Amino acid sequence: MPEPIVEVHDLRKIFPTTTGEEKRAVDGVSFEVAPGRIYGLLGPNGAGKTTTLRMIAGLLTPTGGRVRLNGHDPQVDRESAKRSLGYLTASTGLYERLSPREVLNYFGELIGLEAAHRKKRIEDLIHWLDMSAFADLRCGGLSTGQKQRTNIARALMGDPPILIMDEPTLGLDVLTNRVVLDFIRAEGARGKAIILSTHYLDDAEAICNEFGLIHDGRIVGRGDLAALRAQSGRTRLSEIFLALCGEDQHVLSGVPGATDHSSTREVE
Amino acid sequence: MMKGYSRIWTVYRKELVETLRDRRTLMAMVFVPVILYPILMVVLMQALSSEKGRQEESEYTVVVPNEAHKRWLDSVLAREDAAAIAEQKAMEAAAQSLGEAAAGATGRAAFRTQLGSKQIHVVVAENPGAIWDVIAAGMAHAAVIVRPDPGADGVDHPNRVVQILYSDTNPLSEVIYRQLNIILANEAERIVRDRVTKLAGTSDVLSPIVTTNLSTTSPDKQFSKALALIVPFLLVTMTVTGAMYPAIDLTAGERERGTLETLAVSPVPVGQIVAGKFGVIVTIAMVTTALNLGSMTAVIQFSGISQLLSGSTSATAAIEEMEAEQTVRTEPVQPGTPAALQLENIGRRQALESAMNRRTGFVATAAPIVLLAMIPFAVLFGGVMLAVCSFAKSFKEAQNYMMPVMMSAIVPAMVVSYMPTIELQGPLMATPVANVVLLMRELFLGNFRIEAVVIVLLSTCLYAAAAVALATRIYGNEAVLFNDVGSYKTLLLRRFIHPQSLPSAAFALLTLALIFPVYFFVQSSMVGAGSDWMDVCQALSTTQIGLFFGAVVFLAWYAKLDLRETFSLRTPTAIHVVATLLVIVGVVPFSATMQQFLYATFRPTQQMEEMSRQMGALMGETPFWAIILVFSFLPAVCEEFAFRGLLLAGLKRSFGAWRTIIVVGLIFGAFHIYVHKIPPIAIMGMVLAYVCLRTGSIWPGVLIHFVNNSLGAVAENWAGSGDHRLMDLLGLPTGELETLDYSVSGRTMILIAVFVVGLVLMGMTRGAGHPRDPEETRAA
């Protein structure tokens, strides 16, 4: 087992709110990811996933704790840390008036790739992500799936050893979904350390090696699928999720016919 | 490091391409100026000329009560016509005898009428009693009623009372009633002249004094003056408008489209991203302004409006004089008499006018000034708008912010433009917007002062730099990156600031850019023409302690910087102490010789020499203890803390050792512009920066600075009481600046050599906190 390339230790983030109180968004999160492993960071909305990922990427300053990306602290060695990272979220936009090829070229230049190398890399990415049909059209006119593929290509431009993907398949159709997931799996096989955060638990179950379940800013479940099953006593990831996040007790308890969960779910 | 700056260029290119692909930008930038102005101008000219034509061709109906009135009024009109024709002939004759320059003066004198009798129809009313209603109903343009009735008297011309009825709401009625007034006044004058001639044989008594007015300014300069009022204001407006859209699009637009996060995650420092955007905003502002102005100029040139503004005053004046000659009997013109002087002045005026006809035109001289002034405006507004828009989360919010920014730019421009007595002096030279407007006015009128240009451009650039630094700070702040997080309190309140060991370059530059105008204002307001040494000492102490030391240290503390690291508060090593002593031995000979060399090579201007003389006189009055305390000790400590402390610490992280040294030296020199001694002081600043970097301690620099300032004072003090040895030893000049020769004694050379040895010794071992050179960083 190679040395972990992503180290997150006791990460905390406290937000000052306009009312003057404090919000403990992330309250002591720790995990590690080694090269070639795909780590699934899962949790309900508002649990602190996105905040954690932003801290790892260096977009937010942690209130406490430590992050190391390939040995670099994103708060101290900003450039080196960011160079080791490819970051993708559902909300990252593209430049409407540029084509995907131009976007990739721009980010390649910003990373510092030489012209010849850049060109080859762009061609490779266009090929691997099946983008040739729209690589030279303006981003403003692309469909969601095409935009997302462009985004992924952008994150991979520098061939970084670490990938953070926050909801990479949000809103994609089944075919594109499959393309993206296969791609992630392939990158993992090539030795990248990948942190994946998604609400599509079936997808997560299929490709992640290990998991971290976040709830209210803390990790409430960790380990591979076997460990989680042992911890929670459930089989399927969605069940484990509900059990460990403690939500299945009181949701919809007042609505008649809604408390019986077993009927609709077990269509295996 | 080179790679770092090429990324600014990358960002710049991409933002420029993206902005130009936006149809709205292209429309605003190109379509509006190039196509709209000519169309507007053509339409305007058409409207004006058709209005004039209509006025000239209009026919006016004037009603009178009876036939006798009509005969009387018709005869008055006929006499007016005849007088006009006679005057026209006289003018043409005068013009011929005065030559070419007077050819343009065939326009009639202002008090003559414009309408001929052909356009005025006098009609007898059907019902005299209903004349009022006829006018009120608009069926005729005016009515004339004369008392006593013209038919009642015979050949005599008694005094008359004439009543003119008209209607305010009918524009033609207004035109004709004014004209009738003029016509009747002229008729009255004719009658008076007749009467006087009958009584006295001549009407000379009626023209006791005839005046002619001649302007000594050439028509060019008069045109310049008119333009100096309008153009700066136009320029401000256009640049602000040109910068507005790209500023909004590149900042708030980026956030709205969600691409800001993507950019923040790339390994490009925020400062470089902001710099690239700034470049695009400035470029587009300048191109828009240039296109607008170019189009306007072309349109004005080709439509002939410029001709309207060149009135020919000499010919009119000459004609008036000729008329005066005819009514006044004067002696023949002999040289040396006032009459000859008058004729000579007319001649000079004519020469000015004909000289103007030969020149290429105003545009050639004005264009460079305008283009030059455009740059500081574009830079300043680009920076300010960038900073302001960085706060905005959306396009709409940014647009709301733009209005106050535009107002705060346009209003000073307007106010200053229309106050002719304001001069570009003192604090005004560093006041944003107003200083460039005033500078443009001076340049248009032909006054070129190098210090004014330098201070204006320098202060404007500093403000722009401060704005860009502010934008960098905002852009990189997470409260702004993620709308849902926190409030602006996180930007300003101390408890949200994260401790750092060293300041960022942006922070250091921003602090100094804010200090510069305050420093300037305090100096200018506390030191005036009548100041004595106490005032000057007070001003200096205030700026040194309050600004360079107090404000800087306070801000460093507030930003939770490591004070020891930032201000290099360490003890130097033994070797460095030795090196410092060597440097001290030779620092004054070095700086004195350097100054001599610079003065010999670049002769100072009169103003600089005057300043030096005043400073010298002031220093002579100041008691010795005050000189040592205020002019040596305080600057040695306070300036070191500001420049070799905060500024050096901020720059050394991103710029590397040698670039930091140069920039710190230059900025240090720029602050001393008030003393008109930038180059030698800049070089000293570099030396001190080198010392601080190499030794890792601020104290050697403080000591060297103190010795440099005070030793000179000590030597002069001794020389004052007769002991010149120290002066000679140090190689200090003893005469007036103009009489200086560039010569260096042997002993001085030795001392300078010791100085250099000290510096080299310092460089051989590096103290703590020295930045790694780029080569080392890349290898690591």
# chains A, B, ... in the order shown; residues from 1 in each chain; ligands from 1
$ interface_residues --of "chain A" --to "chain B" --cutoff "9 Å" --atoms "only C-alpha atoms" --output "PyMOL selection string"
chain A and resi 15-18+57-61+78-83+85-89+91-98+102+106-107+109-112+155
$ write_last_selection --atoms "N, CA and C atoms" --output "compact mmCIF listing (two decimals), in the first residue's frame"
# COMPACT_ATOMS: atom_id res chain seq x y z
N PHE A 15 -17.83 29.24 10.57
CA PHE A 15 -18.24 30.42 9.82
C PHE A 15 -18.87 31.44 10.73
N PRO A 16 -18.46 32.70 10.62
CA PRO A 16 -19.20 33.73 11.33
C PRO A 16 -20.44 34.05 10.52
N THR A 17 -21.60 34.02 11.14
CA THR A 17 -22.80 34.35 10.38
C THR A 17 -23.21 35.79 10.66
N THR A 18 -24.13 36.29 9.86
CA THR A 18 -24.52 37.69 10.01
C THR A 18 -25.23 37.93 11.33
N ALA A 57 -9.06 21.93 -1.32
CA ALA A 57 -8.59 22.55 -2.56
C ALA A 57 -7.93 23.90 -2.33
N GLY A 58 -8.02 24.40 -1.10
CA GLY A 58 -7.38 25.68 -0.83
C GLY A 58 -8.25 26.88 -1.10
N LEU A 59 -9.53 26.67 -1.38
CA LEU A 59 -10.43 27.79 -1.63
C LEU A 59 -10.91 28.42 -0.34
N LEU A 60 -10.96 27.64 0.73
CA LEU A 60 -11.35 28.17 2.02
C LEU A 60 -10.20 27.95 2.99
N THR A 61 -10.07 28.86 3.94
CA THR A 61 -9.01 28.69 4.93
C THR A 61 -9.56 27.94 6.12
N ARG A 78 0.79 27.55 -2.01
CA ARG A 78 -0.43 27.58 -2.82
C ARG A 78 -0.24 26.97 -4.19
N GLU A 79 0.78 27.46 -4.89
CA GLU A 79 0.95 27.01 -6.28
C GLU A 79 1.23 25.53 -6.37
N SER A 80 2.16 25.04 -5.54
CA SER A 80 2.52 23.62 -5.63
C SER A 80 1.33 22.75 -5.30
N ALA A 81 0.55 23.16 -4.28
CA ALA A 81 -0.61 22.36 -3.91
C ALA A 81 -1.62 22.34 -5.05
N LYS A 82 -1.89 23.49 -5.63
CA LYS A 82 -2.91 23.55 -6.68
C LYS A 82 -2.46 22.85 -7.94
N ARG A 83 -1.16 22.82 -8.13
CA ARG A 83 -0.66 22.13 -9.30
C ARG A 83 -0.87 20.62 -9.19
N LEU A 85 -3.48 19.25 -8.01
CA LEU A 85 -4.89 18.97 -7.82
C LEU A 85 -5.70 19.29 -9.07
N GLY A 86 -6.65 18.41 -9.39
CA GLY A 86 -7.66 18.74 -10.38
C GLY A 86 -8.99 18.80 -9.66
N TYR A 87 -9.71 19.90 -9.79
CA TYR A 87 -10.89 20.13 -8.97
C TYR A 87 -12.10 20.37 -9.84
N LEU A 88 -13.16 19.68 -9.54
CA LEU A 88 -14.35 19.77 -10.37
C LEU A 88 -15.58 19.76 -9.50
N THR A 89 -16.46 20.73 -9.67
CA THR A 89 -17.73 20.67 -8.96
C THR A 89 -18.86 20.88 -9.96
N SER A 91 -20.92 23.19 -9.84
CA SER A 91 -21.21 24.60 -10.04
C SER A 91 -20.13 25.33 -10.82
N THR A 92 -19.03 24.65 -11.16
CA THR A 92 -18.00 25.37 -11.91
C THR A 92 -18.50 25.62 -13.31
N GLY A 93 -18.39 26.86 -13.72
CA GLY A 93 -18.90 27.24 -15.03
C GLY A 93 -17.82 27.23 -16.08
N LEU A 94 -18.22 27.44 -17.29
CA LEU A 94 -17.27 27.54 -18.40
C LEU A 94 -17.40 28.92 -19.03
N TYR A 95 -16.43 29.28 -19.84
CA TYR A 95 -16.47 30.59 -20.49
C TYR A 95 -17.35 30.50 -21.72
N GLU A 96 -18.48 31.17 -21.66
CA GLU A 96 -19.51 31.04 -22.69
C GLU A 96 -19.01 31.29 -24.10
N ARG A 97 -18.13 32.26 -24.26
CA ARG A 97 -17.78 32.69 -25.62
C ARG A 97 -16.51 32.02 -26.14
N LEU A 98 -15.98 31.09 -25.34
CA LEU A 98 -14.83 30.34 -25.83
C LEU A 98 -15.26 28.92 -26.16
N GLU A 102 -10.43 26.05 -26.66
CA GLU A 102 -9.80 27.27 -26.18
C GLU A 102 -9.74 27.28 -24.66
N TYR A 106 -6.36 27.55 -22.52
CA TYR A 106 -6.17 28.61 -21.53
C TYR A 106 -5.65 28.03 -20.22
N PHE A 107 -6.35 27.01 -19.73
CA PHE A 107 -5.92 26.46 -18.44
C PHE A 107 -4.59 25.74 -18.55
N GLU A 109 -2.18 26.78 -20.43
CA GLU A 109 -1.19 27.86 -20.35
C GLU A 109 -1.03 28.33 -18.92
N LEU A 110 -2.13 28.43 -18.20
CA LEU A 110 -2.04 28.91 -16.82
C LEU A 110 -1.24 27.95 -15.95
N ILE A 111 -1.40 26.65 -16.22
CA ILE A 111 -0.65 25.68 -15.45
C ILE A 111 0.82 25.75 -15.81
N GLY A 112 1.11 26.16 -17.03
CA GLY A 112 2.50 26.30 -17.43
C GLY A 112 2.98 25.21 -18.37
N ALA A 155 -10.24 19.88 -15.64
CA ALA A 155 -9.62 19.48 -14.37
C ALA A 155 -8.42 18.57 -14.60
$ residues_around --residues "Phe655 of chain B" --least-positions-apart "4" --cutoff "9 Å" --atoms "only C-alpha atoms" --output "count of residues only"
5
$ atom_distance --atom1 "atom CA of Pro62 of chain A" --atom2 "atom CA of Glu7 of chain A"
14.0 Å
$ residues_around --residues "segment 166-179 of chain A" --least-positions-apart "4" --cutoff "6 Å" --atoms "only C-alpha atoms" --output "list in words"
Thr89, Ala90, Gly145, Ser197 and Thr198 of chain A
$ atom_distance --atom1 "atom CA of Gly383 of chain B" --atom2 "atom CA of Val468 of chain B"
5.3 Å
